[in-house]
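Asks: Supplied structure: upload_26.txt, compact mmCIF, C-alpha atoms and all ligand atoms.
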# COMPACT_ATOMS: atom_id res chain seq x y z
CA MET F 3 9.82 -32.06 52.47
CA PRO F 4 12.04 -35.11 53.18
CA GLY F 5 11.98 -37.55 56.07
CA VAL F 6 14.97 -38.95 57.97
CA SER F 7 16.01 -42.57 57.94
CA ILE F 8 18.64 -43.96 60.32
CA ARG F 9 19.74 -47.46 59.36
CA GLY F 10 21.73 -49.89 61.50
CA LEU F 11 23.63 -47.12 63.28
CA HIS F 12 26.59 -48.04 65.51
CA LYS F 13 28.87 -45.65 67.39
CA ARG F 14 31.39 -46.63 70.07
CA TYR F 15 33.54 -44.59 72.42
CA GLY F 16 36.32 -46.99 73.41
CA ASP F 17 34.56 -49.85 75.19
CA VAL F 18 31.20 -48.09 75.33
CA ALA F 19 28.66 -48.89 72.61
CA ALA F 20 26.85 -45.53 72.77
CA VAL F 21 24.65 -46.37 69.77
CA ASP F 22 24.22 -50.06 69.11
CA GLY F 23 22.22 -50.95 66.02
CA LEU F 24 19.70 -48.12 65.94
CA ASP F 25 17.02 -48.03 63.24
CA LEU F 26 14.56 -45.17 63.00
CA ASP F 27 12.35 -43.67 60.30
CA VAL F 28 10.95 -40.17 60.74
CA LYS F 29 8.28 -39.46 58.14
CA PRO F 30 8.25 -36.20 56.19
CA GLY F 31 6.80 -33.48 58.42
CA GLU F 32 6.71 -35.70 61.49
CA LEU F 33 8.04 -34.85 64.97
CA VAL F 34 9.56 -37.90 66.65
CA ALA F 35 10.83 -37.77 70.23
CA LEU F 36 13.88 -39.85 71.16
CA LEU F 37 13.10 -40.74 74.77
CA GLY F 38 15.28 -42.63 77.19
CA PRO F 39 17.27 -42.45 80.41
CA SER F 40 20.58 -40.62 80.67
CA GLY F 41 23.36 -42.42 78.82
CA CYS F 42 21.15 -44.41 76.42
CA GLY F 43 22.67 -42.77 73.32
CA LYS F 44 20.26 -39.92 72.48
CA THR F 45 22.82 -37.14 72.08
CA THR F 46 25.26 -39.37 70.19
CA THR F 47 22.49 -40.30 67.74
CA LEU F 48 21.56 -36.65 67.21
CA ARG F 49 25.20 -35.65 66.67
CA VAL F 50 25.61 -38.32 64.03
CA VAL F 51 22.44 -37.10 62.29
CA ALA F 52 23.75 -33.52 62.48
CA GLY F 53 27.08 -34.53 60.93
CA PHE F 54 29.30 -33.77 63.95
CA LEU F 55 30.17 -37.45 64.42
CA SER F 56 30.81 -40.16 61.86
CA PRO F 57 29.13 -43.54 62.29
CA ASP F 58 31.19 -46.71 62.86
CA ARG F 59 28.52 -48.60 60.95
CA GLY F 60 25.18 -47.68 59.43
CA GLU F 61 23.80 -44.74 57.47
CA VAL F 62 21.73 -41.59 57.83
CA TRP F 63 19.48 -40.68 54.92
CA VAL F 64 17.46 -37.52 54.35
CA GLY F 65 15.00 -38.14 51.56
CA ASP F 66 17.04 -39.79 48.81
CA ARG F 67 20.40 -38.36 49.99
CA CYS F 68 22.79 -40.46 52.09
CA LEU F 69 24.40 -37.87 54.41
CA SER F 70 26.38 -40.15 56.72
CA SER F 71 28.08 -43.50 56.27
CA PRO F 72 31.42 -44.80 57.58
CA ALA F 73 32.91 -43.78 54.22
CA THR F 74 31.45 -40.26 53.82
CA VAL F 75 30.08 -37.62 56.17
CA ILE F 76 28.54 -34.49 54.62
CA PRO F 77 29.56 -31.60 56.94
CA PRO F 78 26.92 -30.00 59.19
CA GLU F 79 26.72 -26.71 57.29
CA ARG F 80 25.74 -28.54 54.09
CA ARG F 81 22.89 -30.54 55.64
CA ARG F 82 20.09 -27.94 55.70
CA MET F 83 19.44 -28.80 59.34
CA GLY F 84 18.62 -26.50 62.23
CA MET F 85 19.79 -27.35 65.73
CA ILE F 86 18.75 -26.31 69.23
CA PHE F 87 20.73 -27.40 72.27
CA GLN F 88 20.10 -27.40 76.00
CA SER F 89 22.60 -24.55 76.39
CA TYR F 90 20.98 -22.35 73.65
CA ALA F 91 24.52 -21.38 72.49
CA LEU F 92 23.55 -17.75 71.78
CA TRP F 93 26.39 -15.32 71.09
CA PRO F 94 26.50 -13.03 74.13
CA HIS F 95 28.09 -10.09 72.26
CA MET F 96 25.37 -10.05 69.59
CA THR F 97 21.87 -8.60 69.93
CA VAL F 98 18.79 -10.76 69.56
CA ALA F 99 18.38 -9.58 65.96
CA GLN F 100 22.03 -10.31 65.15
CA ASN F 101 21.82 -13.75 66.72
CA VAL F 102 18.73 -14.63 64.71
CA ALA F 103 20.18 -13.15 61.49
CA TYR F 104 23.46 -15.05 61.81
CA GLY F 105 22.55 -18.05 59.63
CA LEU F 106 21.00 -15.80 56.97
CA ARG F 107 24.20 -13.74 56.77
CA PHE F 108 26.22 -16.93 56.55
CA ASN F 109 24.04 -17.99 53.60
CA GLY F 110 24.51 -14.59 51.90
CA VAL F 111 20.89 -13.45 52.17
CA PRO F 112 20.71 -9.70 51.28
CA ARG F 113 20.23 -7.26 54.15
CA ALA F 114 16.66 -6.10 53.43
CA GLU F 115 15.38 -9.66 53.05
CA ARG F 116 17.29 -10.67 56.17
CA GLU F 117 15.71 -7.94 58.27
CA GLY F 118 12.25 -8.85 57.04
CA LYS F 119 12.74 -12.51 57.93
CA VAL F 120 14.18 -11.75 61.37
CA THR F 121 11.28 -9.41 62.22
CA GLU F 122 8.74 -11.99 61.09
CA MET F 123 10.42 -14.83 63.00
CA LEU F 124 10.68 -12.81 66.21
CA ARG F 125 6.96 -12.10 65.90
CA VAL F 126 6.25 -15.83 65.52
CA VAL F 127 8.17 -16.67 68.72
CA GLN F 128 6.54 -13.70 70.49
CA LEU F 129 9.70 -11.59 70.85
CA ALA F 130 8.75 -8.59 68.70
CA GLY F 131 10.35 -5.50 70.24
CA TYR F 132 13.35 -7.39 71.70
CA GLU F 133 15.56 -6.96 68.60
CA GLN F 134 18.20 -4.76 70.26
CA ARG F 135 18.52 -6.62 73.57
CA TYR F 136 21.51 -8.80 74.40
CA PRO F 137 21.05 -12.43 75.56
CA GLY F 138 22.21 -11.43 79.07
CA GLU F 139 19.20 -9.09 79.26
CA LEU F 140 16.68 -11.87 78.62
CA SER F 141 15.02 -14.50 80.85
CA GLY F 142 15.78 -18.17 80.26
CA GLY F 143 12.51 -18.64 78.40
CA GLN F 144 13.20 -15.66 76.14
CA GLN F 145 16.71 -16.93 75.37
CA GLN F 146 15.12 -20.25 74.47
CA ARG F 147 12.78 -18.47 72.04
CA VAL F 148 15.75 -16.71 70.42
CA ALA F 149 17.44 -20.09 69.92
CA VAL F 150 14.23 -21.42 68.34
CA ALA F 151 13.94 -18.34 66.07
CA ARG F 152 17.57 -18.65 65.02
CA ALA F 153 17.12 -22.31 64.06
CA LEU F 154 13.84 -21.74 62.17
CA VAL F 155 14.69 -18.55 60.28
CA VAL F 156 17.00 -20.34 57.82
CA GLU F 157 14.07 -22.61 56.85
CA PRO F 158 15.85 -25.89 57.55
CA GLU F 159 14.61 -29.16 56.07
CA ILE F 160 15.23 -30.94 59.35
CA LEU F 161 15.14 -29.69 62.92
CA LEU F 162 17.19 -31.35 65.68
CA LEU F 163 16.59 -30.51 69.34
CA ASP F 164 18.57 -31.90 72.28
CA GLU F 165 16.83 -31.42 75.64
CA PRO F 166 16.03 -27.82 74.69
CA LEU F 167 13.84 -27.15 77.74
CA SER F 168 15.87 -28.70 80.53
CA ASN F 169 17.37 -25.37 81.69
CA LEU F 170 13.95 -23.82 82.27
CA ASP F 171 11.96 -23.94 85.49
CA ALA F 172 9.04 -26.34 85.69
CA SER F 173 6.14 -24.04 84.78
CA LEU F 174 7.97 -22.43 81.87
CA ARG F 175 8.98 -25.86 80.64
CA GLU F 176 5.32 -26.86 80.48
CA GLU F 177 4.40 -23.68 78.63
CA MET F 178 7.24 -24.09 76.12
CA ARG F 179 6.08 -27.64 75.31
CA PHE F 180 2.88 -26.24 73.86
CA GLU F 181 4.87 -23.50 72.14
CA ILE F 182 7.15 -26.00 70.40
CA ARG F 183 4.16 -28.08 69.36
CA ARG F 184 2.44 -24.95 67.99
CA LEU F 185 5.54 -24.02 65.97
CA HIS F 186 5.73 -27.56 64.63
CA GLU F 187 2.13 -27.36 63.49
CA THR F 188 2.85 -23.99 61.86
CA PHE F 189 5.99 -24.99 59.94
CA GLY F 190 5.67 -28.78 59.73
CA ILE F 191 9.43 -29.36 59.66
CA THR F 192 10.61 -32.96 60.04
CA THR F 193 11.95 -32.99 63.61
CA LEU F 194 13.95 -35.20 65.97
CA TYR F 195 13.45 -34.12 69.58
CA VAL F 196 15.66 -35.61 72.30
CA THR F 197 14.40 -35.73 75.88
CA HIS F 198 14.54 -37.89 79.00
CA ASP F 199 11.17 -36.52 80.17
CA GLN F 200 8.31 -38.80 79.22
CA SER F 201 5.48 -36.29 79.55
CA GLU F 202 7.43 -33.77 77.45
CA ALA F 203 7.87 -36.44 74.77
CA MET F 204 4.18 -37.32 74.91
CA VAL F 205 2.94 -33.73 74.64
CA ILE F 206 5.28 -32.59 71.89
CA SER F 207 5.64 -35.48 69.48
CA ASP F 208 3.64 -37.34 66.86
CA ARG F 209 5.47 -40.53 67.81
CA VAL F 210 7.90 -41.49 70.57
CA ALA F 211 10.93 -43.75 70.03
CA VAL F 212 12.00 -45.25 73.37
CA LEU F 213 15.76 -45.85 73.45
CA ASP F 214 17.30 -48.60 75.56
CA GLN F 215 21.08 -49.02 75.51
CA GLY F 216 21.69 -47.51 72.12
CA ARG F 217 18.78 -48.93 70.18
CA VAL F 218 15.07 -48.33 69.70
CA ALA F 219 13.12 -50.58 72.06
CA GLN F 220 9.75 -49.46 70.66
CA ILE F 221 8.33 -46.65 68.57
CA GLY F 222 4.70 -45.57 68.57
CA THR F 223 2.23 -42.94 69.61
CA ALA F 224 2.17 -42.06 73.30
CA GLU F 225 -1.03 -44.08 73.63
CA GLU F 226 0.40 -47.16 71.91
CA LEU F 227 3.47 -47.15 74.14
CA PHE F 228 1.43 -46.65 77.25
CA GLU F 229 -1.35 -49.13 76.54
CA ARG F 230 0.68 -51.76 74.68
CA PRO F 231 4.35 -51.71 75.73
CA ARG F 232 6.22 -54.52 74.02
CA THR F 233 9.20 -54.82 76.34
CA ARG F 234 9.63 -54.79 80.07
CA PHE F 235 11.92 -51.77 79.76
CA VAL F 236 9.25 -49.74 77.93
CA ALA F 237 6.53 -50.83 80.36
CA GLU F 238 8.59 -49.71 83.34
CA PHE F 239 10.08 -46.56 81.80
CA ILE F 240 6.74 -45.14 80.63
CA GLY F 241 4.51 -44.86 83.69
CA LYS F 242 4.01 -47.34 86.53
CA THR F 243 3.05 -50.90 85.89
CA ASN F 244 2.49 -54.33 87.45
CA LEU F 245 4.64 -57.03 85.89
CA ILE F 246 3.53 -60.63 86.45
CA GLU F 247 5.48 -63.65 85.29
CA GLY F 248 3.52 -66.71 84.25
CA THR F 249 2.62 -68.94 81.34
CA ALA F 250 0.62 -68.41 78.18
CA GLU F 251 -1.69 -71.40 78.01
CA ARG F 252 -3.38 -70.33 74.77
CA SER F 253 -2.98 -67.32 72.48
CA ASP F 254 -5.31 -65.32 74.75
CA THR F 255 -4.96 -66.96 78.17
CA PHE F 256 -2.40 -66.24 80.88
CA VAL F 257 -2.00 -68.51 83.90
CA ARG F 258 -0.04 -68.15 87.13
CA GLY F 259 -0.99 -70.67 89.83
CA PRO F 260 -4.69 -70.16 90.53
CA LEU F 261 -4.70 -66.88 88.58
CA ARG F 262 -6.20 -67.02 85.07
CA LEU F 263 -6.52 -63.94 82.84
CA ARG F 264 -7.93 -63.39 79.37
CA VAL F 265 -5.51 -61.18 77.43
CA PHE F 266 -7.47 -59.17 74.90
CA ASP F 267 -6.26 -58.49 71.36
CA ALA F 268 -3.00 -60.31 72.07
CA ASN F 269 -1.50 -63.20 70.23
CA LEU F 270 0.51 -64.95 72.92
CA THR F 271 2.97 -67.68 72.08
CA PRO F 272 2.33 -70.59 74.46
CA GLY F 273 5.12 -70.73 77.05
CA PRO F 274 6.61 -68.39 79.65
CA VAL F 275 5.35 -64.83 79.43
CA VAL F 276 5.39 -61.57 81.39
CA LEU F 277 2.22 -59.47 81.59
CA SER F 278 2.13 -55.73 82.13
CA ILE F 279 -1.01 -54.39 83.81
CA ARG F 280 -1.17 -50.64 84.42
CA PRO F 281 -2.64 -49.53 87.78
CA HIS F 282 -5.49 -47.76 85.91
CA GLN F 283 -6.25 -50.85 83.82
CA ILE F 284 -7.73 -52.49 86.92
CA ALA F 285 -11.17 -51.55 88.23
CA LEU F 286 -11.74 -51.81 91.96
CA GLY F 287 -15.05 -52.58 93.68
CA PRO F 288 -16.35 -53.78 97.06
CA ALA F 289 -16.25 -57.54 97.62
CA SER F 290 -20.03 -57.51 98.11
CA LEU F 291 -20.36 -56.83 94.35
CA ALA F 292 -18.38 -59.93 93.38
CA PRO F 293 -20.18 -62.12 90.86
CA PRO F 294 -20.36 -65.87 91.48
CA SER F 295 -16.84 -67.18 91.03
CA SER F 296 -17.35 -68.66 87.58
CA ALA F 297 -19.30 -65.77 86.08
CA GLY F 298 -16.85 -62.89 85.77
CA GLU F 299 -13.97 -62.85 83.36
CA ASN F 300 -10.74 -61.37 84.78
CA VAL F 301 -12.44 -60.76 88.14
CA LEU F 302 -10.15 -61.35 91.11
CA ARG F 303 -10.69 -61.22 94.85
CA ALA F 304 -8.18 -59.31 96.90
CA THR F 305 -7.49 -57.49 100.17
CA VAL F 306 -6.31 -53.90 100.48
CA LEU F 307 -2.85 -53.63 102.08
CA ARG F 308 -2.23 -49.90 101.71
CA ALA F 309 -4.08 -46.87 100.39
CA SER F 310 -2.32 -43.59 99.56
CA TYR F 311 -4.38 -40.52 98.73
CA LEU F 312 -2.83 -38.66 95.76
CA GLY F 313 -5.39 -35.90 95.25
CA ASP F 314 -6.76 -37.00 91.88
CA ALA F 315 -6.63 -40.75 92.57
CA VAL F 316 -5.92 -43.27 95.30
CA ASP F 317 -2.86 -45.50 94.91
CA TYR F 318 -3.69 -48.94 96.36
CA GLN F 319 -1.56 -51.96 97.08
CA VAL F 320 -3.78 -55.02 97.10
CA GLN F 321 -2.94 -58.65 97.73
CA LEU F 322 -4.72 -61.30 95.67
CA ASP F 323 -6.55 -63.87 97.75
CA GLY F 324 -4.99 -67.34 97.78
CA GLY F 325 -1.56 -66.14 96.69
CA ASP F 326 1.30 -63.80 97.41
CA LEU F 327 0.79 -61.53 94.43
CA VAL F 328 0.59 -57.81 95.27
CA LEU F 329 -0.72 -55.35 92.65
CA ARG F 330 -0.81 -51.57 92.41
CA VAL F 331 -4.25 -50.25 91.52
CA ALA F 332 -5.28 -46.65 90.78
CA GLY F 333 -8.75 -46.09 92.24
CA PRO F 334 -11.10 -43.11 92.07
CA ILE F 335 -11.28 -40.81 95.08
CA THR F 336 -15.09 -41.07 95.08
CA ARG F 337 -15.16 -44.63 96.47
CA ARG F 338 -12.48 -45.22 99.09
CA PHE F 339 -11.21 -48.46 100.62
CA ARG F 340 -9.09 -48.98 103.71
CA PRO F 341 -6.37 -51.46 104.59
CA GLY F 342 -8.01 -54.81 105.40
CA ASP F 343 -11.06 -54.22 103.17
CA ALA F 344 -12.05 -57.10 100.90
CA VAL F 345 -12.33 -55.96 97.29
CA VAL F 346 -12.83 -57.33 93.79
CA LEU F 347 -10.56 -56.36 90.93
CA THR F 348 -11.49 -56.47 87.27
CA VAL F 349 -8.53 -56.51 84.89
CA LEU F 350 -9.76 -54.42 81.98
CA GLN F 351 -6.66 -54.55 79.83
CA CYS F 352 -3.13 -55.94 79.90
CA SER F 353 -0.33 -56.71 77.50
CA ALA F 354 2.44 -59.27 77.16
CA VAL F 355 6.00 -57.87 77.26
CA ARG F 356 9.43 -59.27 76.36
CA LEU F 357 12.11 -59.29 79.00
P1 LIG F 401 22.30 -39.50 76.37
O1 LIG F 401 22.30 -38.27 75.52
O2 LIG F 401 21.16 -40.43 76.08
O3 LIG F 401 22.40 -39.20 77.83
P2 LIG F 401 24.92 -39.98 75.19
O4 LIG F 401 24.69 -40.22 73.75
O5 LIG F 401 25.43 -38.67 75.59
O6 LIG F 401 23.61 -40.37 76.00
O7 LIG F 401 25.96 -41.07 75.74
C1 LIG F 401 25.85 -42.48 75.47
C2 LIG F 401 27.00 -43.21 76.13
O8 LIG F 401 28.22 -42.82 75.51
C3 LIG F 401 27.17 -42.91 77.61
O9 LIG F 401 27.61 -44.09 78.24
C4 LIG F 401 28.25 -41.85 77.63
O10 LIG F 401 28.96 -41.90 78.84
C5 LIG F 401 29.12 -42.25 76.45
N1 LIG F 401 29.74 -41.08 75.82
C6 LIG F 401 29.11 -40.03 75.27
N2 LIG F 401 29.98 -39.14 74.74
C7 LIG F 401 31.22 -39.64 74.97
C8 LIG F 401 32.56 -39.20 74.68
N3 LIG F 401 32.79 -38.06 74.01
N4 LIG F 401 33.59 -39.99 75.09
C9 LIG F 401 33.37 -41.15 75.75
N5 LIG F 401 32.14 -41.63 76.05
C10 LIG F 401 31.08 -40.90 75.67
MG MG F 402 22.21 -36.21 76.06
What do you get writing this file as C-alpha cells?
Replies:
Amino acid sequence: MPGVSIRGLHKRYGDVAAVDGLDLDVKPGELVALLGPSGCGKTTTLRVVAGFLSPDRGEVWVGDRCLSSPATVIPPERRRMGMIFQSYALWPHMTVAQNVAYGLRFNGVPRAEREGKVTEMLRVVQLAGYEQRYPGELSGGQQQRVAVARALVVEPEILLLDEPLSNLDASLREEMRFEIRRLHETFGITTLYVTHDQSEAMVISDRVAVLDQGRVAQIGTAEELFERPRTRFVAEFIGKTNLIEGTAERSDTFVRGPLRLRVFDANLTPGPVVLSIRPHQIALGPASLAPPSSAGENVLRATVLRASYLGDAVDYQVQLDGGDLVLRVAGPITRRFRPGDAVVLTVLQCSAVRL
C-alpha cells in the first residue's frame, strides 16, 4: 500500500493563492485530516490530489509514481483513488446496489463477482437489505453510507473525503465519525480527510495537518497539536488558549514584567516570545494554600474576575496580582471560587508559539 506525498504545491485562482507552498506526507495506511477554516485551501488541495486540477507548481506522488506536476496530470480515473464528497453525488435514478456497483461495472468486473462484492460492502456499512431502494428513499446517514460503500468497493489505493459529514445532523455526525474510523481500521486505506471541524479531525485521524492560508502550519497527533502548538494560528484554532507576549531570558525561562515562568521541555531562543497556556494547563487553588513567595515554581497570585459554570468545568477569568494580565482558567466544579476571591495559580504546562 502506497502513501501520498504532496511537494511544494501551489495553485492560484486569479489573484487568490488558494494553495501556497503546501508540503504533506501521508504514510502508507495512515489517515490524515486536513483541518482549517473555510477558504484555507482544503478542497483545492484535494482536487489537485484527485487529478481534477493541475498544479501551478509542485507535485503529487503516490508511492513511487508522480501523478501530478505542472507538466503532466494523470486523469482521475487512472489514479486508483476513491472519493467521497459533502453532497454524496449518488445517482438518483439508480438503486443502492446499482450505485455501489457502478465503479465495478466501469472497471469491467464480471456480474457474479460484482454482486458478491456489492452485497459484502453493503453488509460492512450496515445497509444489507437496502439493495433495491433508491437514494430518495434513504435518510441522510444511509445515503452517506452508500457513498462510502461506493468508494470502498473498488478497493482504491487512496481514499479522499471532503467534508463528508457536514450534511448530517449533529448526533448522526458524531456516530458516523466512529463509523469512518472503524472502516479505516478495517481496510487501512491511505486517506486524506478534509474538515473544518476540529473534534471530527481529532476523533477520525491518525494525524491532523492544520492548514493556514494554503499551507500546512503544523502536522501532528491531536495531542501534539493541542499540548504543543507551534504557531499562534494553531494555538487559537485548536481549542481556547491564553497568549502572553514577553521575553525569553534563557532557554527555559519566560519573563513579562514581574511575571517569571519556567517553560518545560522547550528550547526558547532568547528574545521576544509568545507563550500559549491552555485554560486546563493552569491549576487553581485558594490563596490560603499559597507557598512562601520564593518556594513555588510557576505559582502566581491572582483575583477572580468572573466565573461561568459550564456543567463539566468552571470557566474563570482571573487577573494576576500586580499587573493587568487576565487569564482564562478551567477549574473543576468540585471547588468553586467567586468574583473577588484571592486565588493561586500553578502553570503546569505551556509552550512557545510563533506569530
Ligand atoms: P476550503 O475548501 O478550505 O474552504 P477552497 O480550496 O475551496 O478552500 O478555496 C481556497 C480559496 O480559493 C478561497 O479563497 C476560494 O474563494 C478560492 N477559490 C476556490 N475555488 C475557486 C474557483 N473555482 N475560482 C476562484 N476562486 C476559487
Ligand atoms: Mg472546501
Asks: Which residues are near ligand MG 402 (chain F) in this structure, taking near to mean any atom at most 8 Å from a ligand atom and counting all atoms listed in the file? Format them as a list in words.
Replies: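 The residues within 8 Å of ligand MG 402 (chain F), counting all atoms listed in the file, are Ser40, Gly41, Gly43, Lys44, Thr45, Thr46, Asp164, Glu165, Val196 and Thr197 of chain F.
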Asks: When you look at Leu124 (chain F) with a cut-off of 12 Å (counting all atoms listed in the file), what residues show up, excluding the ones that are within fewer than 3 positions of it in the same chain? I need them as JSON, numbers by chain.
Replies: {"F": [98, 99, 100, 101, 102, 103, 117, 118, 119, 120, 121, 127, 128, 129, 130, 131, 132, 133, 134, 144, 145, 146, 147, 148, 149, 150, 151, 152, 153, 154, 155]}
Asks: Compute the set of protein, DNA and RNA residues whose minimum atom distance to ligand LIG 401 (chain F) is at most 10 Å, using all atoms listed in the file, and state it as a ChimeraX atom specification.
Replies: /F:13-21,36-50,55,164-165,196-198,213-216
Asks: Given only C-alpha atoms as the basis, pick out the residue of F:Leu163, F:Val205, F:Ala237, F:Cys352 nearest to His282 (chain F).
Replies: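 Answer, going by the shortest atom-to-atom distance: F:Cys352.
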Asks: Rounded to one decimal, what separation in Å do you get between CA of Leu170 (chain F) and CA of Glu225 (chain F)?
Replies: 26.6 Å
Asks: Draw an axis-aligned box over all listed atoms of region 338-351 of chain F, pad each side with 4 Å, and write its centre and edge lengths in Å, one decimal, as AutoDock Vina command-line options.
Replies:
--center_x -9.6 --center_y -51.3 --center_z 92.6 --size_x 14.5 --size_y 20.1 --size_z 33.6
Asks: At what distance in Å, to one decimal, does CA of Thr233 (chain F) lie from CA of Thr255 (chain F)?
Replies: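 Taking CA of Thr255 (chain F) as the start and CA of Thr233 (chain F) as the end point, the length is 18.7 Å.
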Asks: For CA of Arg264 (chain F) and CA of Gly248 (chain F), quote the distance in Å rounded to one decimal.
Replies: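 Computing the Euclidean distance for CA of Arg264 (chain F) and CA of Gly248 (chain F) yields 12.9 Å.
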Asks: Ranking F:Val320, F:Leu92, F:Leu24, F:Leu327 by minimum distance to Gly142 (chain F) and counting all atoms listed in the file, which one comes first?
Replies: F:Leu92
Asks: Out of F:Val51, F:Leu270, F:Ile240, F:Met96, which residue has the shortest atom-to-atom distance to Val75 (chain F) when counting only C-alpha atoms?
Replies: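 Distance minimum relative to Val75 (chain F) lands on F:Val51.
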Asks: If we count all atoms listed in the file, what is near region 331-340 of chain F at a cut-off of 6 Å, once residues fewer than 6 positions away on the same chain are taken out, given as a list of chain:residue names?
Replies: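 Everything that qualifies: F:Pro281, F:His282, F:Ala315, F:Val316, F:Asp317, F:Tyr318.
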Asks: Skipping near chain neighbours, those fewer than 5 positions away, what residues fall within 10 Å of Arg80 (chain F) using only C-alpha atoms, listed as a ChimeraX atom specification?
Replies: /F:52-53,69
Asks: Nearest to Ala211 (chain F) among F:Asp22, F:Phe108, F:Val34, F:Ile246, with distances taken over all atoms listed in the file: which residue is it?
Replies: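 Ranked by minimum distance to Ala211 (chain F), first place goes to F:Val34.
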Asks: Under the rule that all atoms listed in the file are counted, which of F:Leu140, F:Leu194, F:Ile76, F:Leu312 is the nearest residue to Ser7 (chain F)?
Replies: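 Smallest distance to Ser7 (chain F) is found for F:Leu194.
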Asks: Taking all atoms listed in the file into account, which of F:Ala35, F:Ala114, F:Leu11, F:Ile279 comes nearest Val210 (chain F)?
Replies: F:Ala35
Asks: Could you pull the residues within 7 Å of Leu162 (chain F), counting only C-alpha atoms, minus those fewer than 2 positions along the same chain, as a list in words?
Replies: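 The residues satisfying every condition are Gly84, Met85, Ile86, Ile160, Asp164, Thr193, Leu194 and Tyr195 of chain F.
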Asks: Can you tell me, as a list in words, what residues are no more than 9 Å from Arg175 (chain F) when counting all atoms listed in the file, ignoring any on the same chain fewer than 5 positions away?
Replies: Gly143, Leu167, Ser168, Asn169, Leu170 and Glu202 of chain F
